[in-house]
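As stored in entry_33.txt (compact mmCIF, C-alpha atoms):
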# COMPACT_ATOMS: atom_id res chain seq x y z
CA MET A 16 40.52 167.29 73.91
CA SER A 17 44.05 166.38 74.87
CA LEU A 18 46.83 168.57 73.52
CA PRO A 19 50.52 167.67 73.73
CA VAL A 20 52.31 169.08 76.80
CA ALA A 21 56.05 169.71 76.93
CA VAL A 22 58.65 170.90 79.40
CA LEU A 23 59.74 174.36 78.25
CA GLY A 24 62.15 175.24 81.01
CA LEU A 25 63.60 174.25 84.36
CA GLY A 26 65.19 176.49 86.98
CA VAL A 27 66.35 176.15 90.56
CA HIS A 28 67.62 178.15 93.48
CA VAL A 29 69.27 177.01 96.67
CA PRO A 30 70.36 179.50 99.32
CA PRO A 31 74.15 179.96 99.47
CA ARG A 32 74.35 179.24 103.22
CA ILE A 33 75.53 175.63 103.65
CA ILE A 34 74.67 173.91 106.92
CA THR A 35 76.80 170.81 107.51
CA ASN A 36 76.01 168.02 109.95
CA GLU A 37 78.73 169.45 112.17
CA TYR A 38 76.50 172.49 112.81
CA PHE A 39 73.98 170.23 114.58
CA ALA A 40 76.69 168.23 116.35
CA GLN A 41 77.73 171.42 118.11
CA MET A 42 74.22 172.01 119.51
CA LEU A 43 72.68 168.58 119.98
CA ASP A 44 73.64 165.07 121.02
CA THR A 45 74.39 163.97 117.46
CA SER A 46 77.28 163.64 115.01
CA ASP A 47 78.02 163.69 111.30
CA GLU A 48 78.32 159.90 111.34
CA TRP A 49 75.00 159.46 113.18
CA ILE A 50 73.12 161.76 110.80
CA HIS A 51 74.73 160.45 107.63
CA SER A 52 74.30 156.76 108.45
CA ARG A 53 70.63 157.21 109.37
CA THR A 54 69.54 159.67 106.68
CA GLY A 55 72.15 159.82 103.92
CA ILE A 56 72.38 163.59 104.40
CA ARG A 57 75.73 165.43 104.56
CA GLU A 58 74.58 169.03 104.31
CA ARG A 59 71.59 171.23 103.50
CA ARG A 60 70.94 174.91 102.77
CA PHE A 61 69.22 177.44 105.01
CA VAL A 62 67.97 180.84 103.88
CA GLU A 63 68.96 184.01 105.69
CA GLU A 64 66.41 185.41 108.13
CA ASN A 65 65.10 188.07 105.73
CA VAL A 66 64.48 185.62 102.84
CA CYS A 67 61.06 184.01 102.43
CA THR A 68 59.65 181.18 100.31
CA SER A 69 58.43 183.40 97.45
CA ASP A 70 61.89 185.01 97.21
CA ILE A 71 63.60 181.73 96.34
CA ALA A 72 60.60 180.56 94.30
CA ALA A 73 60.92 183.71 92.18
CA LEU A 74 64.66 183.15 91.63
CA ALA A 75 64.03 179.59 90.44
CA ALA A 76 61.20 180.84 88.21
CA GLN A 77 63.41 183.50 86.65
CA GLN A 78 66.02 180.95 85.69
CA ALA A 79 63.34 178.71 84.17
CA LEU A 80 61.96 181.67 82.18
CA GLN A 81 65.37 182.66 80.91
CA ARG A 82 66.20 179.11 79.83
CA ALA A 83 62.79 178.75 78.18
CA GLY A 84 63.35 182.01 76.32
CA LEU A 85 60.10 183.38 77.67
CA GLU A 86 59.04 186.70 79.17
CA ALA A 87 57.23 186.60 82.52
CA GLY A 88 54.28 188.30 80.85
CA GLU A 89 53.73 185.21 78.71
CA ILE A 90 52.99 183.01 81.74
CA GLU A 91 49.25 182.41 82.09
CA LEU A 92 49.12 180.42 85.32
CA ILE A 93 51.42 180.03 88.32
CA ILE A 94 51.03 177.11 90.72
CA VAL A 95 53.26 177.02 93.78
CA ALA A 96 53.57 173.83 95.80
CA THR A 97 54.75 174.56 99.33
CA ALA A 98 54.28 173.48 102.91
CA THR A 99 56.04 176.61 104.14
CA PRO A 100 54.12 179.47 102.50
CA ASP A 101 54.82 183.15 103.00
CA HIS A 102 51.48 183.50 104.81
CA LEU A 103 48.39 181.43 105.61
CA PHE A 104 46.84 183.71 103.00
CA PRO A 105 47.19 185.07 100.39
CA SER A 106 48.94 182.40 98.38
CA THR A 107 52.68 182.33 97.85
CA ALA A 108 51.90 182.05 94.12
CA CYS A 109 50.54 185.62 94.21
CA SER A 110 53.82 186.85 95.74
CA VAL A 111 55.77 185.02 93.03
CA GLN A 112 53.52 186.53 90.36
CA GLU A 113 54.34 190.02 91.64
CA LYS A 114 58.06 189.35 92.12
CA ILE A 115 58.62 188.03 88.62
CA GLN A 116 56.14 190.54 87.12
CA ALA A 117 53.96 187.88 85.54
CA HIS A 118 50.99 190.20 85.53
CA HIS A 119 48.86 188.15 83.15
CA ALA A 120 49.00 184.99 85.22
CA ALA A 121 46.39 183.45 87.47
CA ALA A 122 48.02 182.17 90.64
CA PHE A 123 47.32 179.67 93.41
CA ASP A 124 49.08 177.33 95.81
CA VAL A 125 48.84 173.57 96.19
CA SER A 126 49.23 172.07 99.65
CA ALA A 127 50.35 168.45 99.46
CA GLY A 128 53.50 168.45 101.57
CA CYS A 129 56.41 166.63 100.00
CA SER A 130 54.16 165.36 97.20
CA GLY A 131 53.38 168.96 96.31
CA PHE A 132 55.51 169.24 93.20
CA LEU A 133 53.91 166.21 91.53
CA TYR A 134 50.42 167.27 92.62
CA ALA A 135 50.97 170.77 91.23
CA LEU A 136 52.60 169.51 88.05
CA SER A 137 49.72 167.15 87.33
CA VAL A 138 47.23 170.01 87.74
CA ALA A 139 49.31 172.16 85.41
CA VAL A 140 49.49 169.40 82.80
CA GLN A 141 45.68 169.10 82.82
CA PHE A 142 45.28 172.82 82.17
CA VAL A 143 47.62 172.70 79.18
CA ALA A 144 46.27 169.40 77.84
CA ASN A 145 42.69 170.69 77.86
CA GLY A 146 43.64 173.94 76.15
CA SER A 147 42.89 176.31 79.05
CA TYR A 148 46.44 177.66 79.26
CA ARG A 149 49.46 177.50 76.97
CA LYS A 150 52.25 178.47 79.40
CA VAL A 151 52.15 177.38 83.02
CA LEU A 152 54.80 177.89 85.70
CA VAL A 153 54.98 175.27 88.46
CA VAL A 154 57.23 175.95 91.44
CA GLY A 155 58.07 173.76 94.41
CA ALA A 156 59.63 175.98 97.06
CA GLU A 157 60.31 175.63 100.78
CA THR A 158 61.93 177.48 103.64
CA LEU A 159 61.65 174.61 106.09
CA SER A 160 64.46 176.07 108.22
CA LYS A 161 61.92 178.56 109.56
CA PHE A 162 59.66 175.81 110.88
CA ILE A 163 62.03 173.26 112.36
CA ASP A 164 62.50 172.65 116.06
CA MET A 165 66.23 172.97 116.57
CA GLU A 166 65.90 171.00 119.81
CA ASP A 167 64.37 167.97 118.04
CA ARG A 168 67.27 166.04 116.59
CA ALA A 169 64.95 163.58 114.84
CA THR A 170 63.56 166.23 112.48
CA CYS A 171 65.85 169.26 112.41
CA VAL A 172 68.70 167.43 110.67
CA LEU A 173 66.47 166.20 107.83
CA LEU A 174 65.09 169.36 106.33
CA GLY A 175 66.49 172.03 104.07
CA ASP A 176 65.51 175.03 101.95
CA GLY A 177 65.35 175.31 98.19
CA ALA A 178 63.20 175.96 95.15
CA GLY A 179 62.69 174.39 91.75
CA ALA A 180 60.58 175.68 88.88
CA MET A 181 59.30 174.05 85.73
CA ILE A 182 57.53 175.79 82.87
CA ILE A 183 55.30 173.59 80.79
CA GLY A 184 53.24 174.35 77.76
CA GLY A 185 52.13 173.49 74.28
CA ASP A 186 55.13 173.17 72.00
CA GLY A 187 53.63 171.54 68.93
CA GLU A 188 55.06 168.07 68.62
CA ARG A 189 56.64 167.33 71.95
CA ASN A 190 54.43 165.42 74.38
CA ASP A 191 56.49 164.70 77.48
CA PHE A 192 54.01 163.68 80.14
CA LEU A 193 52.63 160.18 80.44
CA SER A 194 50.55 159.11 83.40
CA PHE A 195 50.15 160.76 86.80
CA VAL A 196 48.71 158.99 89.82
CA LEU A 197 47.71 161.04 92.89
CA GLU A 198 46.48 159.47 96.12
CA ALA A 199 45.92 160.48 99.76
CA ASP A 200 44.87 159.14 103.15
CA GLY A 201 43.87 161.72 105.75
CA ARG A 202 44.21 159.23 108.60
CA GLY A 203 47.91 160.06 108.54
CA ARG A 204 47.44 163.79 108.87
CA GLN A 205 48.91 164.03 112.37
CA ALA A 206 51.91 161.82 111.71
CA LEU A 207 53.63 164.71 109.95
CA TYR A 208 52.27 168.19 110.55
CA LEU A 209 52.63 171.65 111.95
CA PRO A 210 50.21 171.61 114.89
CA ALA A 211 49.49 175.28 115.56
CA GLY A 212 48.79 178.49 113.69
CA GLY A 213 45.76 177.22 111.82
CA SER A 214 42.09 177.19 112.83
CA VAL A 215 42.45 174.03 114.93
CA LEU A 216 44.98 175.65 117.22
CA PRO A 217 45.42 179.36 116.57
CA ALA A 218 48.60 181.01 117.77
CA SER A 219 48.72 181.79 121.50
CA ALA A 220 51.37 182.14 124.17
CA GLU A 221 50.78 178.45 125.00
CA THR A 222 51.30 177.24 121.44
CA VAL A 223 54.56 179.14 121.29
CA GLN A 224 55.75 177.81 124.66
CA GLY A 225 54.68 174.30 123.67
CA ARG A 226 56.81 174.51 120.49
CA LYS A 227 53.72 173.79 118.41
CA HIS A 228 54.70 176.07 115.54
CA PHE A 229 57.36 173.61 114.42
CA VAL A 230 57.20 170.53 112.21
CA GLN A 231 56.31 167.40 114.17
CA MET A 232 56.81 163.94 112.77
CA ASN A 233 56.28 160.33 113.77
CA GLY A 234 59.26 159.00 111.84
CA ARG A 235 58.36 155.31 112.09
CA GLU A 236 54.83 155.84 110.85
CA VAL A 237 56.02 158.00 107.96
CA TYR A 238 58.74 155.52 107.01
CA LYS A 239 56.36 152.60 106.89
CA TRP A 240 53.70 154.37 104.85
CA ALA A 241 56.21 156.04 102.55
CA VAL A 242 57.96 152.82 101.58
CA GLU A 243 54.69 151.00 100.93
CA LYS A 244 52.90 153.79 99.09
CA ILE A 245 55.77 154.99 96.90
CA THR A 246 56.28 151.38 95.81
CA GLN A 247 52.59 150.91 95.01
CA VAL A 248 52.03 154.21 93.25
CA SER A 249 55.15 153.76 91.12
CA ARG A 250 53.85 150.40 89.90
CA LYS A 251 50.43 151.90 89.26
CA ALA A 252 51.81 154.72 87.10
CA LEU A 253 53.78 152.19 85.04
CA ASP A 254 50.79 149.83 84.73
CA GLN A 255 48.64 152.65 83.34
CA GLU A 256 51.06 152.98 80.45
CA SER A 257 51.70 149.23 80.15
CA LEU A 258 55.33 149.90 81.00
CA SER A 259 57.62 148.00 83.33
CA LEU A 260 60.49 149.05 85.57
CA GLU A 261 62.97 147.91 82.93
CA ASP A 262 61.65 150.68 80.68
CA ILE A 263 62.67 153.34 83.21
CA ASP A 264 65.97 155.14 82.70
CA TYR A 265 65.89 156.98 86.01
CA PHE A 266 63.85 156.86 89.18
CA VAL A 267 63.48 160.37 90.61
CA PRO A 268 62.13 159.98 94.12
CA HIS A 269 61.25 162.75 96.53
CA GLN A 270 64.43 163.07 98.59
CA ALA A 271 62.97 162.33 102.00
CA ASN A 272 65.50 160.06 103.56
CA LEU A 273 67.94 157.58 102.04
CA ARG A 274 66.40 154.77 104.07
CA ILE A 275 62.98 155.31 102.49
CA ILE A 276 64.50 155.49 99.00
CA GLU A 277 66.49 152.29 99.62
CA GLY A 278 63.39 150.55 100.98
CA VAL A 279 61.49 151.44 97.79
CA ALA A 280 64.40 150.51 95.53
CA GLU A 281 64.63 147.09 97.15
CA ARG A 282 60.94 146.40 96.65
CA LEU A 283 60.98 147.63 93.06
CA HIS A 284 64.29 145.85 92.33
CA LEU A 285 65.80 149.09 91.10
CA PRO A 286 69.58 149.10 90.68
CA PRO A 287 71.40 152.02 92.38
CA GLU A 288 72.59 153.47 89.04
CA LYS A 289 68.99 154.20 88.07
CA ILE A 290 68.22 156.18 91.21
CA LEU A 291 68.87 159.92 91.24
CA LEU A 292 69.92 161.36 94.60
CA SER A 293 70.44 164.98 95.57
CA LEU A 294 69.71 164.29 99.21
CA PRO A 295 73.32 164.22 100.44
CA ARG A 296 73.79 167.88 99.46
CA TYR A 297 70.37 169.37 100.10
CA GLY A 298 68.55 167.18 102.60
CA ASN A 299 64.79 166.92 102.37
CA THR A 300 63.54 170.07 100.65
CA SER A 301 59.95 168.81 100.47
CA ALA A 302 58.18 170.17 97.37
CA ALA A 303 61.47 171.41 95.90
CA SER A 304 63.29 168.09 95.97
CA ILE A 305 62.23 166.59 92.63
CA PRO A 306 63.12 169.63 90.47
CA LEU A 307 66.40 170.05 92.39
CA THR A 308 67.23 166.41 91.72
CA LEU A 309 66.36 166.80 88.03
CA GLU A 310 68.58 169.86 87.76
CA GLU A 311 71.53 168.17 89.42
CA ALA A 312 71.26 165.16 87.11
CA LEU A 313 70.82 167.34 84.02
CA THR A 314 73.82 169.51 84.66
CA ALA A 315 75.86 166.39 85.45
CA GLY A 316 74.87 165.10 82.01
CA ARG A 317 73.07 162.06 83.38
CA ILE A 318 69.58 162.72 82.05
CA GLN A 319 69.54 162.75 78.25
CA PRO A 320 66.74 163.56 75.81
CA GLY A 321 64.61 160.45 75.30
CA ASP A 322 65.11 159.15 78.84
CA LEU A 323 62.03 157.89 80.64
CA LEU A 324 61.81 159.25 84.19
CA LEU A 325 59.65 157.86 86.96
CA MET A 326 59.04 160.53 89.60
CA ALA A 327 57.45 159.53 92.91
CA ALA A 328 56.79 161.22 96.22
CA PHE A 329 55.19 160.79 99.61
CA GLY A 330 54.37 163.53 102.09
CA ALA A 331 52.22 165.13 104.74
CA GLY A 332 48.53 164.41 104.53
CA PHE A 333 49.35 161.67 103.90
CA THR A 334 49.65 162.29 100.18
CA TRP A 335 51.58 160.36 97.60
CA ALA A 336 51.98 160.53 93.85
CA ALA A 337 53.89 159.27 90.85
CA GLY A 338 54.41 160.66 87.38
CA LEU A 339 56.07 159.46 84.21
CA LEU A 340 57.99 161.92 82.10
CA ARG A 341 59.69 161.30 78.75
CA TRP A 342 62.53 163.83 78.90
CA SER A 343 62.92 165.87 75.70
CA TRP A 344 64.03 169.31 76.89
CA SER A 345 67.66 170.24 76.36
CA GLY A 346 67.67 173.86 77.41
CA CYS A 347 70.19 173.68 80.24
CA ASP A 348 72.82 176.20 79.27
CA GLY A 349 75.71 174.02 80.36
CA GLN A 350 76.42 176.21 83.38
CA PRO A 351 75.99 174.04 86.45
CA THR A 352 73.64 175.90 88.80
CA LEU A 353 74.11 173.46 91.63
CA MET B 11 53.85 124.69 112.58
CA ASN B 12 55.81 123.72 115.70
CA ASP B 13 57.73 126.14 117.88
CA GLN B 14 61.11 125.30 116.40
CA GLU B 15 59.94 125.87 112.82
CA PHE B 16 58.34 129.12 113.85
CA TYR B 17 61.50 130.31 115.60
CA ASP B 18 63.65 129.33 112.61
CA ARG B 19 61.47 131.34 110.23
CA LEU B 20 61.59 134.31 112.55
CA LYS B 21 65.37 134.07 112.85
CA LYS B 22 65.76 134.02 109.07
CA VAL B 23 63.78 137.23 108.69
CA VAL B 24 65.59 138.96 111.56
CA SER B 25 68.93 137.91 110.13
CA ALA B 26 68.07 139.23 106.67
CA ARG B 27 66.60 142.57 107.78
CA LEU B 28 69.19 143.37 110.44
CA ALA B 29 72.13 141.95 108.50
CA VAL B 30 73.34 139.79 111.39
CA PRO B 31 74.27 136.09 111.10
CA GLU B 32 71.61 133.67 112.33
CA GLU B 33 74.02 132.12 114.87
CA GLN B 34 74.21 135.47 116.60
CA ILE B 35 70.47 135.65 117.16
CA ARG B 36 69.13 134.26 120.45
CA LEU B 37 65.75 134.42 122.10
CA GLU B 38 67.01 136.99 124.58
CA SER B 39 68.71 139.18 121.93
CA ARG B 40 67.61 142.81 122.18
CA TYR B 41 67.19 144.50 118.78
CA ALA B 42 68.68 147.83 119.74
CA GLU B 43 71.38 146.90 122.23
CA ASP B 44 72.50 143.47 120.96
CA LEU B 45 71.68 143.50 117.26
CA GLY B 46 72.38 147.13 116.43
CA ALA B 47 68.94 148.06 115.12
CA ASP B 48 67.72 151.65 115.14
CA SER B 49 64.06 152.68 115.16
CA LEU B 50 63.62 152.51 111.38
CA THR B 51 65.28 149.08 111.17
CA VAL B 52 62.71 147.84 113.68
CA VAL B 53 59.90 149.19 111.48
CA ASP B 54 61.50 147.54 108.48
CA LEU B 55 61.69 144.25 110.38
CA ALA B 56 58.04 144.54 111.40
CA MET B 57 57.05 145.07 107.76
CA ALA B 58 59.04 142.00 106.70
CA LEU B 59 57.45 139.92 109.48
CA GLU B 60 53.98 141.04 108.46
CA GLU B 61 54.70 139.73 105.01
CA GLU B 62 56.33 136.49 106.14
CA PHE B 63 53.63 135.59 108.68
CA GLN B 64 50.68 137.30 106.94
CA CYS B 65 49.70 139.26 110.02
CA LYS B 66 49.41 142.85 111.23
CA ILE B 67 51.91 144.31 113.69
CA PHE B 68 50.53 147.54 115.08
CA ASP B 69 52.90 150.48 115.23
CA SER B 70 51.67 151.24 118.74
CA ASP B 71 52.83 147.77 119.82
CA LEU B 72 56.37 148.19 118.50
CA ASP B 73 57.60 149.87 121.68
CA GLN B 74 56.79 146.70 123.60
CA ILE B 75 58.68 144.43 121.21
CA LYS B 76 62.27 144.75 122.30
CA THR B 77 63.68 141.22 122.00
CA VAL B 78 63.40 138.22 119.71
CA ALA B 79 61.40 136.46 122.45
CA ASP B 80 58.96 139.43 122.57
CA THR B 81 58.47 139.10 118.82
CA LEU B 82 57.84 135.38 119.04
CA ALA B 83 55.24 135.89 121.77
CA TYR B 84 53.58 138.72 119.86
CA LEU B 85 53.34 136.77 116.62
CA ARG B 86 52.13 133.64 118.44
CA SER B 87 49.31 135.48 120.22
CA HIS B 88 48.26 137.45 117.14
CA LEU B 89 48.36 134.53 114.74
CA SER B 90 46.25 132.24 116.90
CA ALA B 91 43.73 135.04 117.52
Now, as a test, write the supplied structure out as structure tokens.
Amino acid sequence: MSLPVAVLGLGVHVPPRIITNEYFAQMLDTSDEWIHSRTGIRERRFVEENVCTSDIAALAAQQALQRAGLEAGEIELIIVATATPDHLFPSTACSVQEKIQAHHAAAFDVSAGCSGFLYALSVAVQFVANGSYRKVLVVGAETLSKFIDMEDRATCVLLGDGAGAMIIGGDGERNDFLSFVLEADGRGRQALYLPAGGSVLPASAETVQGRKHFVQMNGREVYKWAVEKITQVSRKALDQESLSLEDIDYFVPHQANLRIIEGVAERLHLPPEKILLSLPRYGNTSAASIPLTLEEALTAGRIQPGDLLLMAAFGAGFTWAAGLLRWSWSGCDGQPTL
Amino acid sequence: MNDQEFYDRLKKVVSARLAVPEEQIRLESRYAEDLGADSLTVVDLAMALEEEFQCKIFDSDLDQIKTVADTLAYLRSHLSA
């Protein structure tokens, strides 16, 4: 059985606190020019100390609910994609369930790093397509600012906080989702990871002193894999539907780094006007980046009903994924959120 | 393929990836200091060379490849192997 699956609502939240490149230039041997030319990033958002991942996830979810015209009690499943959960356990999805009062929803997290939103969305689509659930909330949310090493200029300037939520469900006619392709290669698991705090290296005085509770990344390794795999998986998703890149209205990549996006665009021969970028304003928000990018393009009037979107991501694991979405939802209320 | 042909092909790729004119590229040119490459540009160049010469350049070897001459030597030894 495969039922039609539609986007019912989209919502986002970014913390109000803007961190410009100048903030890092005051602490580290770096500058706005250095950061912008190497990453494409101008600024990002950081949460306040007392705000956690489920807080911003819940705010994004509430906007999505309101735009979908749904009550939280109608949500049957919540999937949160995050690399920066509230706790090791229980899941951040359970905190979101409580915060938005979605008391009839099952809830779990998906851990797939920056590919998390597409991984979670593809799981959600399966549940709706096979008739298990009719209304599913998918949230990509991160508070990466809590896990970055402010002494490591190669990583701390890249990451930002934010949340994006999408509600999907059966809506009769509309069938928005085409193919999804998910892939992974665990050989890359230590090229981008948070070394301590799990069962491999539980927290101790040494792990704290050794700065092992912060994100660590081998940038060259990630760059190389990301460019290759995003290119391949994008082609694969199109091939499955017998579509070509000319059929795509917009490419919506995970906003990792402008250099990676440009590397992919060159290999796919994608013109700049087809590539959606929110990176300059929000940095790399991991699992939140694709919904944030969709929101920015929607409120700017760029994405129109009928547009074919190719979403693609690469992240820790390594994981990578692509998904094709025929946009049909027009529920943005005209008030730019971002 | 003789040495000159090999060097010319290498220069073409370096020129394209680093956006520097071929005349500016010499054997002793250092990627970072002389040709303005940063760490990701070097990875990008390595990927382009892998494609051009159908070989594998190991990431762990990249730190040793600092000049055009280093690249030539690396490719030579790995292609004949």
In Å, rounded to a single decimal, give me how far atom CA of Val140 of chain A is from atom CA of Ser126 of chain A.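 It comes out at 17.1 Å.
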For chain A versus chain B, which residues have an atom no more than 10 Å away, and what is each residue's nearest atom pair and distance in Å rounded to one decimal, using only C-alpha atoms, chain-then-number order, as CSV?
residue,atom,partner,partner_atom,distance
A:Arg53,CA,B:Asp48,CA,8.5
A:Gly234,CA,B:Leu50,CA,7.8
A:Arg235,CA,B:Leu50,CA,6.0
A:Glu236,CA,B:Asp69,CA,7.2
A:Val237,CA,B:Leu50,CA,10.0
A:Tyr238,CA,B:Leu50,CA,7.2
A:Lys239,CA,B:Val53,CA,6.7
A:Val242,CA,B:Asp54,CA,9.4
A:Glu243,CA,B:Met57,CA,9.3
A:Arg274,CA,B:Leu50,CA,8.1
A:Ile275,CA,B:Leu50,CA,9.3
A:Gly278,CA,B:Asp54,CA,8.3
Contact residues around Pro268 of chain A with all atoms listed in the file at 6 Å, ignoring same-chain residues under 6 positions, as a short mmCIF file (atom, residue, chain, number, x, y, z; two decimals) with C-alpha atoms, in the coordinates of the input:
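What landed in selection.cif:
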data_model
loop_
_atom_site.label_atom_id
_atom_site.label_comp_id
_atom_site.auth_asym_id
_atom_site.auth_seq_id
_atom_site.Cartn_x
_atom_site.Cartn_y
_atom_site.Cartn_z
CA MET A 326 59.04 160.53 89.60
CA ALA A 327 57.45 159.53 92.91
CA ALA A 328 56.79 161.22 96.22
#
What's the 12 Å shell around segment 219-223 of chain A, counting all atoms listed in the file, without same-chain residues fewer than 5 positions away, as a PyMOL selection string? chain A and resi 164+209-214+228-229
Would you save the residues from that selection as a PDB file, keeping the file's coordinate frame, using C-alpha atoms?
ATOM      1  CA  ASP A 164      62.500 172.650 116.060  1.00  0.00           C
ATOM      2  CA  LEU A 209      52.630 171.650 111.950  1.00  0.00           C
ATOM      3  CA  PRO A 210      50.210 171.610 114.890  1.00  0.00           C
ATOM      4  CA  ALA A 211      49.490 175.280 115.560  1.00  0.00           C
ATOM      5  CA  GLY A 212      48.790 178.490 113.690  1.00  0.00           C
ATOM      6  CA  GLY A 213      45.760 177.220 111.820  1.00  0.00           C
ATOM      7  CA  SER A 214      42.090 177.190 112.830  1.00  0.00           C
ATOM      8  CA  HIS A 228      54.700 176.070 115.540  1.00  0.00           C
ATOM      9  CA  PHE A 229      57.360 173.610 114.420  1.00  0.00           C
TER      10      PHE A 229
END
Counting only C-alpha atoms, which of A:Ile56, A:Ala21, A:Leu80, A:Leu159 gets nearest to Leu292 of chain A?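 Between A:Ile56, A:Ala21, A:Leu80, A:Leu159, the residue approaching Leu292 of chain A most closely is A:Ile56.
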Could you list, as a PyMOL selection string, every residue within 9 Å of segment 142-150 of chain A, counting all atoms listed in the file and ignoring same-chain residues fewer than 3 positions away? chain A and resi 16-20+23+89-92+137-139+182-186
So which residues touch Thr107 of chain A within 6 Å, counting all atoms listed in the file, skipping near sequence neighbours fewer than 5 positions away, as an mmCIF file with C-alpha atoms, in the frame of the given file?
data_model
loop_
_atom_site.group_PDB
_atom_site.id
_atom_site.type_symbol
_atom_site.label_atom_id
_atom_site.label_comp_id
_atom_site.auth_asym_id
_atom_site.auth_seq_id
_atom_site.Cartn_x
_atom_site.Cartn_y
_atom_site.Cartn_z
ATOM 1 C CA SER A 69 58.430 183.400 97.450
ATOM 2 C CA PRO A 100 54.120 179.470 102.500
ATOM 3 C CA ASP A 101 54.820 183.150 103.000
#
To one decimal place, how far is atom CA of Gln319 of chain A from atom CA of Ile305 of chain A in Å?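 Result for atom CA of Gln319 of chain A versus atom CA of Ile305 of chain A: 16.6 Å, one decimal.
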